[in-house]
Amino acid sequence: MTSPADLDLPEGVEATPLALLLLGRQSDPDSERGVECPGDLPAASDPSLVARARAAKDALGERVFVLGHHYQRDEVIQFADVTGDSFKLAQQAAARPDAEFIVFCGVHFMAESADILTGPEQAVVLPDLAAGCSMADMATFDQVEQCWDALTDAGVADGVIPVSYMNSSAAIKGFTGRHGGTICTSSNAKRAMEWAFDKGEKVLFIPDQHLGRNTAVLELGLSLDDCVLYNPHKPNGGLTAEQYRAAKVILWKGHCSVHGRFNEATVTEVRARIPGVNVLVHPECKHEVVLAADLVGSTDFIIRTLDAAEPGSAWAIGTELNLVKRLAKQHPDKQIVFLDKTVCFCSTMNRIDLPHLVWALEQLVAGTVPNRITVEPETARHARQALDQMLSLP
Ligand code: 13P
Ligand code: SF4
């Protein structure tokens, strides 16, 4: 594998230490992904997997609560007690104080948030530790601290409120709590940013530049020029003190590689292919894609919109493929297609498959807690302030 040091980068640009990690059998506890998954997994071809998952879940009864994110595979979603977006799943985790085990079918930052929001005697289990999020990896704690130093040097840090997307590590949520900020998800980013502007003069939005830009410009009416892009791989983020002073929103240079695939050409292509199609995209898509679309919203908004859509209507959806396929199956009276012609699942969401779920549940039945996700108490305390702030947004 090429090491970051071997890369021929332009002057002033530093390589990220995380971007080249492979999924699967690696070990890097600082990363959202690439952590080894121990244990002998049942074979994916084992015909008894569904029955085994059911039997293990029945044996655990009320002791276990299974949460499933909308982007999870159908084979896993069928065992979820609750399905939802990351906001609803955080709420649900907090509302289950009696469950001994929370099995989180989602990705690592969601499981960390569940651990922060649940009691110390409750164990949060992530069936595959390699289920991280490449976007969350794009902001490390040290990089965010460096950014704060740059804001301090520019003389603006006192008026900056951090708004961190749920898709970030617990350490960054802790940073956010320590600096009086809030967490947000794609379903409440507008309210989170409004709240932050009531409290301060500027917002530092971490790590998804697209959600931050789409919210600032399309929901709050700011201009593109009010936003600057902080590049963690450049000295001072690649910005001057004057740019920090003039900006209203400082966007972190991170993005989702799944939603980043959609572009204006994919929107033009689907409109030509399906006359009258409605294009509905997630706000993690690029600004120009959102502008070219008819509607934009969180996974929850996408689901509600399709539930309410007229029979016979046509929809091209720009979000993760597991959800789009499920929606197409649930609405046979509507034409629902994936916005891109190329198949693209979120590879880390897809790490949680039926063999991993069966393995995790059977371990719990046997009295072992596998793949427990825990957040160090001091980090958890500050992260909880930022998560509680989100949960109490008006
Ligand atoms: P939601 O906040 O809509 O659940 O999305 C989470 C996510 O990872 C989107 O890529
Ligand atoms: Fe992360 Fe994108 Fe996957 Fe969501 S879809 S978990 S943001 S990589």
# chains A, B, ... in the order shown; residues from 1 in each chain; ligands from 1

$ residues_near_ligand --ligand "ligand 1" --cutoff "9 Å" --atoms "only C-alpha atoms and all ligand atoms" --output "PyMOL selection string"
chain A and resi 69-71+84-89+106-107+110+133+135+165-167+184-188+256+258-259+282-284+297-302+319-320+346+349

$ select_by_dssp --residues "range 63-266 of chain A" --states "alpha helix (DSSP H)" --output "PyMOL selection string"
chain A and resi 74-77+86-94+108-117+141-153+170-178+189-199+209-214+241-246+264-266

$ select_by_dssp --residues "range 139-260 of chain A" --states "strand (DSSP E)" --output "list of chain:residue names"
A:Val160, A:Ile161, A:Pro162, A:Val163, A:Ser164, A:Tyr165, A:Thr182, A:Ile183, A:Cys184, A:Lys202, A:Val203, A:Leu204, A:Phe205, A:Ile206, A:Cys227, A:Val228, A:Leu229, A:Tyr230, A:Val249, A:Ile250, A:Leu251, A:Trp252

$ residues_around --residues "Val156 in chain A" --least-positions-apart "6" --cutoff "9 Å" --atoms "only C-alpha atoms" --output "PyMOL selection string"
chain A and resi 202+241+244-245

$ residues_around --residues "Trp315 in chain A" --least-positions-apart "4" --cutoff "9 Å" --atoms "only C-alpha atoms" --output "VMD selection string"
chain A and resid 274 276 to 280 306 334 to 339

$ write_last_selection --atoms "C-alpha atoms" --output "PDB file, in the first residue's frame"
ATOM      1  CA  ILE A 274     -37.788   9.591 -17.496  1.00  0.00           C
ATOM      2  CA  GLY A 276     -41.686  14.194 -15.608  1.00  0.00           C
ATOM      3  CA  VAL A 277     -39.436  12.514 -13.037  1.00  0.00           C
ATOM      4  CA  ASN A 278     -39.090  14.182  -9.616  1.00  0.00           C
ATOM      5  CA  VAL A 279     -35.498  14.345  -8.442  1.00  0.00           C
ATOM      6  CA  LEU A 280     -35.171  14.010  -4.667  1.00  0.00           C
ATOM      7  CA  LEU A 306     -42.487   8.880  -1.163  1.00  0.00           C
ATOM      8  CA  LYS A 334     -44.679   4.433  -8.185  1.00  0.00           C
ATOM      9  CA  GLN A 335     -41.601   4.424 -10.397  1.00  0.00           C
ATOM     10  CA  ILE A 336     -38.610   4.813  -8.089  1.00  0.00           C
ATOM     11  CA  VAL A 337     -35.068   4.707  -9.472  1.00  0.00           C
ATOM     12  CA  PHE A 338     -31.572   5.343  -8.146  1.00  0.00           C
ATOM     13  CA  LEU A 339     -30.256   8.705  -9.380  1.00  0.00           C
TER      14      LEU A 339
END

$ closest_residue --among "A:Pro275, A:Gly132, A:Gly367, A:Gly212" --to "ligand 2" --atoms "only C-alpha atoms and all ligand atoms"
A:Gly132

$ atom_distance --atom1 "CA of Thr176 in chain A" --atom2 "CA of Thr240 in chain A"
23.2 Å

$ residues_around --residues "Ala80 in chain A" --least-positions-apart "3" --cutoff "6 Å" --atoms "only C-alpha atoms" --output "PyMOL selection string"
chain A and resi 66-68+77

$ residues_around --residues "Leu220 in chain A" --least-positions-apart "3" --cutoff "8 Å" --atoms "only C-alpha atoms" --output "list in words"
Lys190, Glu194, Thr215, Ala216 and Val217 of chain A

$ write_last_selection --atoms "N, CA and C atoms" --output "JSON list (two decimals), in the first residue's frame"
[["chain", "number", "residue", "atom", "x", "y", "z"],
["A", 190, "LYS", "N", -30.90, 22.81, 9.89],
["A", 190, "LYS", "CA", -31.36, 24.20, 9.80],
["A", 190, "LYS", "C", -31.58, 24.77, 11.22],
["A", 194, "GLU", "N", -29.53, 27.81, 13.02],
["A", 194, "GLU", "CA", -30.24, 29.00, 13.52],
["A", 194, "GLU", "C", -29.93, 29.21, 15.01],
["A", 215, "THR", "N", -27.28, 23.94, 3.85],
["A", 215, "THR", "CA", -28.11, 24.47, 4.94],
["A", 215, "THR", "C", -27.95, 25.99, 5.02],
["A", 216, "ALA", "N", -26.70, 26.46, 4.99],
["A", 216, "ALA", "CA", -26.46, 27.90, 5.14],
["A", 216, "ALA", "C", -27.11, 28.68, 3.99],
["A", 217, "VAL", "N", -26.95, 28.19, 2.77],
["A", 217, "VAL", "CA", -27.38, 28.96, 1.61],
["A", 217, "VAL", "C", -28.87, 28.73, 1.31]]

$ closest_residue --among "A:Phe109, A:Tyr230, A:Phe175, A:Phe79" --to "Ala150 in chain A" --atoms "only C-alpha atoms"
A:Tyr230

$ residues_around --residues "Ile206 in chain A" --least-positions-apart "2" --cutoff "7 Å" --atoms "only C-alpha atoms" --output "PyMOL selection string"
chain A and resi 163-165+204+208+251-252

$ write_last_selection --atoms "N, CA and C atoms" --output "PDB file, in the first residue's frame"
ATOM      1  N   VAL A 163     -20.906  23.584  15.081  1.00  0.00           N
ATOM      2  CA  VAL A 163     -22.058  22.714  14.810  1.00  0.00           C
ATOM      3  C   VAL A 163     -21.476  21.488  14.117  1.00  0.00           C
ATOM      4  N   SER A 164     -21.508  20.357  14.808  1.00  0.00           N
ATOM      5  CA  SER A 164     -20.894  19.152  14.234  1.00  0.00           C
ATOM      6  C   SER A 164     -21.966  18.165  13.826  1.00  0.00           C
ATOM      7  N   TYR A 165     -21.794  17.641  12.653  1.00  0.00           N
ATOM      8  CA  TYR A 165     -22.713  16.646  12.120  1.00  0.00           C
ATOM      9  C   TYR A 165     -22.590  15.381  12.965  1.00  0.00           C
ATOM     10  N   LEU A 204     -18.814  27.139  12.889  1.00  0.00           N
ATOM     11  CA  LEU A 204     -17.817  26.204  12.340  1.00  0.00           C
ATOM     12  C   LEU A 204     -18.564  24.902  12.114  1.00  0.00           C
ATOM     13  N   ASP A 208     -19.071  17.827   7.206  1.00  0.00           N
ATOM     14  CA  ASP A 208     -19.619  17.728   5.842  1.00  0.00           C
ATOM     15  C   ASP A 208     -19.832  19.106   5.217  1.00  0.00           C
ATOM     16  N   LEU A 251     -16.718  26.141   6.738  1.00  0.00           N
ATOM     17  CA  LEU A 251     -17.072  24.757   6.397  1.00  0.00           C
ATOM     18  C   LEU A 251     -15.824  23.895   6.427  1.00  0.00           C
ATOM     19  N   TRP A 252     -15.922  22.746   7.055  1.00  0.00           N
ATOM     20  CA  TRP A 252     -14.816  21.777   7.056  1.00  0.00           C
ATOM     21  C   TRP A 252     -14.788  21.077   5.701  1.00  0.00           C
TER      22      TRP A 252
END

$ closest_atom_pairs --of "range 99-217 of chain A" --to "range 350-364 of chain A" --cutoff "12 Å" --atoms "only C-alpha atoms" --output "Markdown table"
| residue | atom | partner | partner_atom | distance |
| --- | --- | --- | --- | --- |
| A:Glu100 | CA | A:Leu364 | CA | 10.3 |
| A:Phe101 | CA | A:Leu364 | CA | 8.4 |
| A:Ile102 | CA | A:Leu361 | CA | 10.6 |
| A:Val103 | CA | A:Ala360 | CA | 8.2 |
| A:Phe104 | CA | A:Ile352 | CA | 9.4 |
| A:Cys105 | CA | A:Ile352 | CA | 6.5 |
| A:Gly106 | CA | A:Ile352 | CA | 7.3 |
| A:Val107 | CA | A:Ile352 | CA | 8.5 |
| A:His108 | CA | A:Ile352 | CA | 10.9 |
| A:Ala123 | CA | A:Leu364 | CA | 10.5 |
| A:Val124 | CA | A:Ala360 | CA | 11.2 |
| A:Val125 | CA | A:Ala360 | CA | 7.7 |
| A:Leu126 | CA | A:Ala360 | CA | 8.1 |
| A:Pro127 | CA | A:His356 | CA | 5.4 |
| A:Asp128 | CA | A:Ile352 | CA | 5.9 |
| A:Leu129 | CA | A:Arg351 | CA | 8.7 |
| A:Ala130 | CA | A:Arg351 | CA | 6.9 |
| A:Ala131 | CA | A:Arg351 | CA | 5.6 |
| A:Gly132 | CA | A:Arg351 | CA | 8.9 |
| A:Cys133 | CA | A:Arg351 | CA | 11.0 |

$ write_last_selection --atoms "N, CA and C atoms" --output "PDB file, in the first residue's frame"
ATOM      1  N   GLU A 100     -30.529  -4.240  28.240  1.00  0.00           N
ATOM      2  CA  GLU A 100     -29.161  -4.537  28.689  1.00  0.00           C
ATOM      3  C   GLU A 100     -28.162  -4.350  27.531  1.00  0.00           C
ATOM      4  N   PHE A 101     -28.625  -4.757  26.327  1.00  0.00           N
ATOM      5  CA  PHE A 101     -27.768  -4.683  25.140  1.00  0.00           C
ATOM      6  C   PHE A 101     -28.468  -3.905  24.034  1.00  0.00           C
ATOM      7  N   ILE A 102     -27.764  -2.919  23.479  1.00  0.00           N
ATOM      8  CA  ILE A 102     -28.262  -2.227  22.283  1.00  0.00           C
ATOM      9  C   ILE A 102     -27.394  -2.726  21.132  1.00  0.00           C
ATOM     10  N   VAL A 103     -27.975  -3.472  20.217  1.00  0.00           N
ATOM     11  CA  VAL A 103     -27.204  -3.913  19.045  1.00  0.00           C
ATOM     12  C   VAL A 103     -27.458  -2.893  17.950  1.00  0.00           C
ATOM     13  N   PHE A 104     -26.378  -2.208  17.539  1.00  0.00           N
ATOM     14  CA  PHE A 104     -26.533  -1.098  16.600  1.00  0.00           C
ATOM     15  C   PHE A 104     -26.186  -1.552  15.192  1.00  0.00           C
ATOM     16  N   CYS A 105     -27.213  -1.658  14.345  1.00  0.00           N
ATOM     17  CA  CYS A 105     -26.979  -1.969  12.935  1.00  0.00           C
ATOM     18  C   CYS A 105     -26.906  -0.618  12.218  1.00  0.00           C
ATOM     19  N   GLY A 106     -25.707  -0.119  12.147  1.00  0.00           N
ATOM     20  CA  GLY A 106     -25.439   1.201  11.564  1.00  0.00           C
ATOM     21  C   GLY A 106     -23.932   1.323  11.524  1.00  0.00           C
ATOM     22  N   VAL A 107     -23.422   2.533  11.701  1.00  0.00           N
ATOM     23  CA  VAL A 107     -21.964   2.690  11.664  1.00  0.00           C
ATOM     24  C   VAL A 107     -21.423   3.218  12.999  1.00  0.00           C
ATOM     25  N   HIS A 108     -20.091   3.210  13.091  1.00  0.00           N
ATOM     26  CA  HIS A 108     -19.417   3.390  14.376  1.00  0.00           C
ATOM     27  C   HIS A 108     -19.825   4.665  15.120  1.00  0.00           C
ATOM     28  N   ALA A 123     -24.783  -2.094  27.371  1.00  0.00           N
ATOM     29  CA  ALA A 123     -23.685  -2.310  26.414  1.00  0.00           C
ATOM     30  C   ALA A 123     -24.185  -2.078  24.996  1.00  0.00           C
ATOM     31  N   VAL A 124     -23.452  -1.234  24.270  1.00  0.00           N
ATOM     32  CA  VAL A 124     -23.776  -0.998  22.854  1.00  0.00           C
ATOM     33  C   VAL A 124     -22.841  -1.866  22.016  1.00  0.00           C
ATOM     34  N   VAL A 125     -23.430  -2.636  21.120  1.00  0.00           N
ATOM     35  CA  VAL A 125     -22.675  -3.603  20.313  1.00  0.00           C
ATOM     36  C   VAL A 125     -22.785  -3.227  18.839  1.00  0.00           C
ATOM     37  N   LEU A 126     -21.623  -3.155  18.168  1.00  0.00           N
ATOM     38  CA  LEU A 126     -21.590  -2.918  16.715  1.00  0.00           C
ATOM     39  C   LEU A 126     -21.177  -4.244  16.073  1.00  0.00           C
ATOM     40  N   PRO A 127     -22.064  -4.912  15.322  1.00  0.00           N
ATOM     41  CA  PRO A 127     -21.753  -6.274  14.866  1.00  0.00           C
ATOM     42  C   PRO A 127     -20.469  -6.402  14.052  1.00  0.00           C
ATOM     43  N   ASP A 128     -20.043  -5.358  13.357  1.00  0.00           N
ATOM     44  CA  ASP A 128     -18.739  -5.410  12.673  1.00  0.00           C
ATOM     45  C   ASP A 128     -18.001  -4.109  12.956  1.00  0.00           C
ATOM     46  N   LEU A 129     -16.845  -4.219  13.596  1.00  0.00           N
ATOM     47  CA  LEU A 129     -16.097  -3.008  13.968  1.00  0.00           C
ATOM     48  C   LEU A 129     -15.526  -2.270  12.766  1.00  0.00           C
ATOM     49  N   ALA A 130     -15.569  -2.864  11.596  1.00  0.00           N
ATOM     50  CA  ALA A 130     -15.082  -2.166  10.401  1.00  0.00           C
ATOM     51  C   ALA A 130     -16.169  -1.277   9.790  1.00  0.00           C
ATOM     52  N   ALA A 131     -17.344  -1.230  10.427  1.00  0.00           N
ATOM     53  CA  ALA A 131     -18.417  -0.375   9.911  1.00  0.00           C
ATOM     54  C   ALA A 131     -18.192   1.050  10.413  1.00  0.00           C
ATOM     55  N   GLY A 132     -17.330   1.775   9.732  1.00  0.00           N
ATOM     56  CA  GLY A 132     -17.060   3.162  10.089  1.00  0.00           C
ATOM     57  C   GLY A 132     -17.743   4.100   9.114  1.00  0.00           C
ATOM     58  N   CYS A 133     -17.173   5.293   8.951  1.00  0.00           N
ATOM     59  CA  CYS A 133     -17.741   6.245   7.988  1.00  0.00           C
ATOM     60  C   CYS A 133     -16.569   7.075   7.462  1.00  0.00           C
TER      61      CYS A 133
END

$ atom_distance --atom1 "CA of Gly318 in chain A" --atom2 "CA of Pro162 in chain A"
27.6 Å
